[in-house]
Number of protein chains: 2
Amino acid sequence: MEKDFTVQMKRDQELIERALSEVFRDGERYADLQEAMEYSLLAGGKRIRPVLTLETCRLCGGEPAQALPFACAVEMIHTYSLIHDDLPAMDDDQLRRGRPTNHVVYGEATAILAGDGLLTAAFEELTRAELPADRVVEAVACLSRCAGPAGMVGGQALDMAGEGRGMTRSELEQLQSLKTGALISAAAQLGCIAAGGSREDRDRVRAYAQALGRAFQVRDDMLDVISSDQELGKPVGSDQANEKSTFVTALGLEGCQRLVDELTGRAVKAIEGFEQPDFHIWLAESLAKRMK
Amino acid sequence: MEKDFTVQMKRDQELIERALSEVFRDGERYADLQEAMEYSLLAGGKRIRPVLTLETCRLCGGEPAQALPFACAVEMIHTYSLIHDDLPAMDDDQLRRGRPTNHVVYGEATAILAGDGLLTAAFEELTRAELPADRVVEAVACLSRCAGPAGMVGGQALDMAGEGRGMTRSELEQLQSLKTGALISAAAQLGCIAAGGSREDRDRVRAYAQALGRAFQVRDDMLDVISSDQELGKPVGSDQANEKSTFVTALGLEGCQRLVDELTGRAVKAIEGFEQPDFHIWLAESLAKRMK
């Protein structure tokens, strides 16, 4: 059973990779802007967000291919946010997925512009969907709200403001629900919008994605510690020493696993009323157990 | 006659100022993000682009107020581009309109995020227009294309790549048509889209805006030299010494004025077939003579 979903996921990922590689195909090449955008956009990764868009379109009775431009747009937004987060003025990261970050390769100015370009082009991508205009407008409203000052960008602002000081658990929850949760929620909602899902479908899908996104983030914090311990030889708790607030510093590893399991249960419950929720259940459970 | 248009322009500007001040009114306040966005968005200025949106809506038979969210979106994009252009990694400017630039006041990280937030929220603003969905989709497609990698962001990439070396006149034309022309063109087109103008209306409006945008930029380069000479005591030609390519270094002041007049004539010609083109004619002629 599990194998089928792995195959389904791989098929989605291939569809997404091909579509992403074509986003800037016909574009003019101004200086190294396009190269810089594609360097980060086509750097691989699990493509969880766009897969969620395609499969949520299917969940709500649509044809996944209809939602492909929406899926690409979400991944473009995700990619721009990584480029800007890595900048020297932000997290100042040199490596991402084992490759030099965008600004290390292309310089800061081009990296800022590559992010701006991907963000802007994401909205053009939404308009390429062959769907009724009211669904496209709904998608623009949803994605801009979730990715903007009231969502992802707001979360990043909180993150920057909170650096170097301890955060309470509820501050951390708010920060993460904005910084990562909002875009995961948008990814799922866009699938539902593409399918023409009902208001009630949309609410269920949003509840699923919110719980999934929280579980994803808690598991992320756990993996930071687990993989540090096993692979990097960094002692458990070094985040604490660095005064970086994470769910592990707030709850401990066991408390985190309990929270992940509880959130995964909540995600599953939110969508089990759909006719074929099996992929979404499998996805939530795999993410809860993932080791990387 | 001229006085009437000044009054009309002031009325538009007031409408725009009020609408801009309400964009983030109901928003949550995450750290100093909203303050930073409003610091730049509400810093005044002539609001040429959004005025062009409102008046082009009227030109094409619509009610200007219908186009107000489109007008705000254009100004939000313009504002974000100024914030990012001023960053240390870009032009590294400390002052804009006599006030410290965004990153000087709020720091680089927040300035980057304020730009990202304004850019993203601009697309949400488009969806607030009370217009048929197909017009909103058309507006999203037009604005994202003109502001993105194939437009404004592409122009900024060319600008960064060209810094410190001389550019030919045709390189300079391409750079400016992307960096400033594309958004001015979007501003006018969005007015036409809001009004439900025909394909032919849209073409005429675009031709007007393209000529206007070029004239605007050439006049800008002239004012740099003229006001340097008179107000700053900087000798004419200092841009040349700094190897910064401008239309003045390429054509000289007299050549520039001839070009501005020619372009203004072309702009007027493009829209004189409309029933009431007088405001647009006045605007083009005022910009061609402007002293600041």
# chains A, B, ... in the order shown; residues from 1 in each chain; ligands from 1

call {"tool": "interface_residues", "arguments": {"of": "chain B", "to": "chain A", "cutoff": "9 Å", "atoms": "only C-alpha atoms", "output": "JSON, numbers by chain"}}
result
{"B": [27, 28, 29, 30, 31, 32, 33, 34, 84, 87, 88, 89, 90, 107, 108, 109, 110, 112, 113, 114, 115, 116, 117, 118, 119, 120, 121, 122, 123, 124, 125, 126, 127, 128, 132, 133, 134, 135, 136, 137, 138, 140, 141, 142, 143, 144, 145, 147, 148, 149, 150, 153, 154, 155, 156, 157, 158, 160, 161, 162]}

call {"tool": "residues_around", "arguments": {"residues": "B:Ala211", "least_positions_apart": "4", "cutoff": "8 Å", "atoms": "only C-alpha atoms", "output": "PyMOL selection string"}}
result
chain B and resi 207+215+263-264+266-267

call {"tool": "select_by_dssp", "arguments": {"residues": "stretch 11-245 of chain A", "states": "strand (DSSP E or B)", "output": "PyMOL selection string"}}
result
chain A and resi 95-96+99-100

call {"tool": "write_last_selection", "arguments": {"atoms": "C-alpha atoms", "output": "PDB file, in the first residue's frame"}}
result
ATOM      1  CA  LEU A  95      25.176  26.478   2.148  1.00  0.00           C
ATOM      2  CA  ARG A  96      21.758  25.063   1.331  1.00  0.00           C
ATOM      3  CA  ARG A  99      25.336  23.821  -2.495  1.00  0.00           C
ATOM      4  CA  PRO A 100      26.539  27.403  -2.052  1.00  0.00           C
TER       5      PRO A 100
END

call {"tool": "residues_around", "arguments": {"residues": "A:Ala187", "least_positions_apart": "4", "cutoff": "8 Å", "atoms": "only C-alpha atoms", "output": "PDB file with C-alpha atoms, in the first residue's frame"}}
result
ATOM      1  CA  ARG A  49       4.256  22.091  -1.076  1.00  0.00           C
ATOM      2  CA  PRO A  50       3.486  21.717  -4.788  1.00  0.00           C
ATOM      3  CA  LEU A  52       0.253  19.037  -1.676  1.00  0.00           C
ATOM      4  CA  THR A  53      -1.349  21.405  -4.182  1.00  0.00           C
ATOM      5  CA  ALA A  71       1.680  24.344  -7.610  1.00  0.00           C
ATOM      6  CA  VAL A  74       3.790  28.046  -4.458  1.00  0.00           C
ATOM      7  CA  LEU A 183       2.567  28.789   2.888  1.00  0.00           C
ATOM      8  CA  GLY A 191      -5.407  22.743  -4.760  1.00  0.00           C
TER       9      GLY A 191
END

call {"tool": "residues_around", "arguments": {"residues": "stretch 9-21 of chain B", "least_positions_apart": "6", "cutoff": "7 Å", "atoms": "only C-alpha atoms", "output": "PDB file with N, CA and C atoms, in the first residue's frame"}}
result
ATOM      1  N   LEU B  42       3.975  55.794   2.599  1.00  0.00           N
ATOM      2  CA  LEU B  42       3.268  57.046   2.877  1.00  0.00           C
ATOM      3  C   LEU B  42       4.213  58.242   2.936  1.00  0.00           C
ATOM      4  N   ARG B  47       2.997  60.671  -6.982  1.00  0.00           N
ATOM      5  CA  ARG B  47       2.020  59.600  -7.270  1.00  0.00           C
ATOM      6  C   ARG B  47       1.617  59.565  -8.741  1.00  0.00           C
ATOM      7  N   VAL B  51      -1.951  57.987 -10.355  1.00  0.00           N
ATOM      8  CA  VAL B  51      -2.796  58.982 -11.025  1.00  0.00           C
ATOM      9  C   VAL B  51      -3.053  58.536 -12.473  1.00  0.00           C
ATOM     10  N   CYS B  72      -3.377  51.636  -6.252  1.00  0.00           N
ATOM     11  CA  CYS B  72      -2.599  51.408  -5.025  1.00  0.00           C
ATOM     12  C   CYS B  72      -1.562  50.315  -5.246  1.00  0.00           C
TER      13      CYS B  72
END

call {"tool": "residues_around", "arguments": {"residues": "B:Val205", "least_positions_apart": "4", "cutoff": "10 Å", "atoms": "only C-alpha atoms", "output": "PyMOL selection string"}}
result
chain B and resi 56+59-60+185-192+197+199-201+209-210+267+270-271+274+280

call {"tool": "residues_around", "arguments": {"residues": "B:Val218", "least_positions_apart": "6", "cutoff": "12 Å", "atoms": "only C-alpha atoms", "output": "number ranges by chain"}}
result
B: 169, 172-173, 176-177, 180-181, 211-212, 224-225, 245-264, 287-290
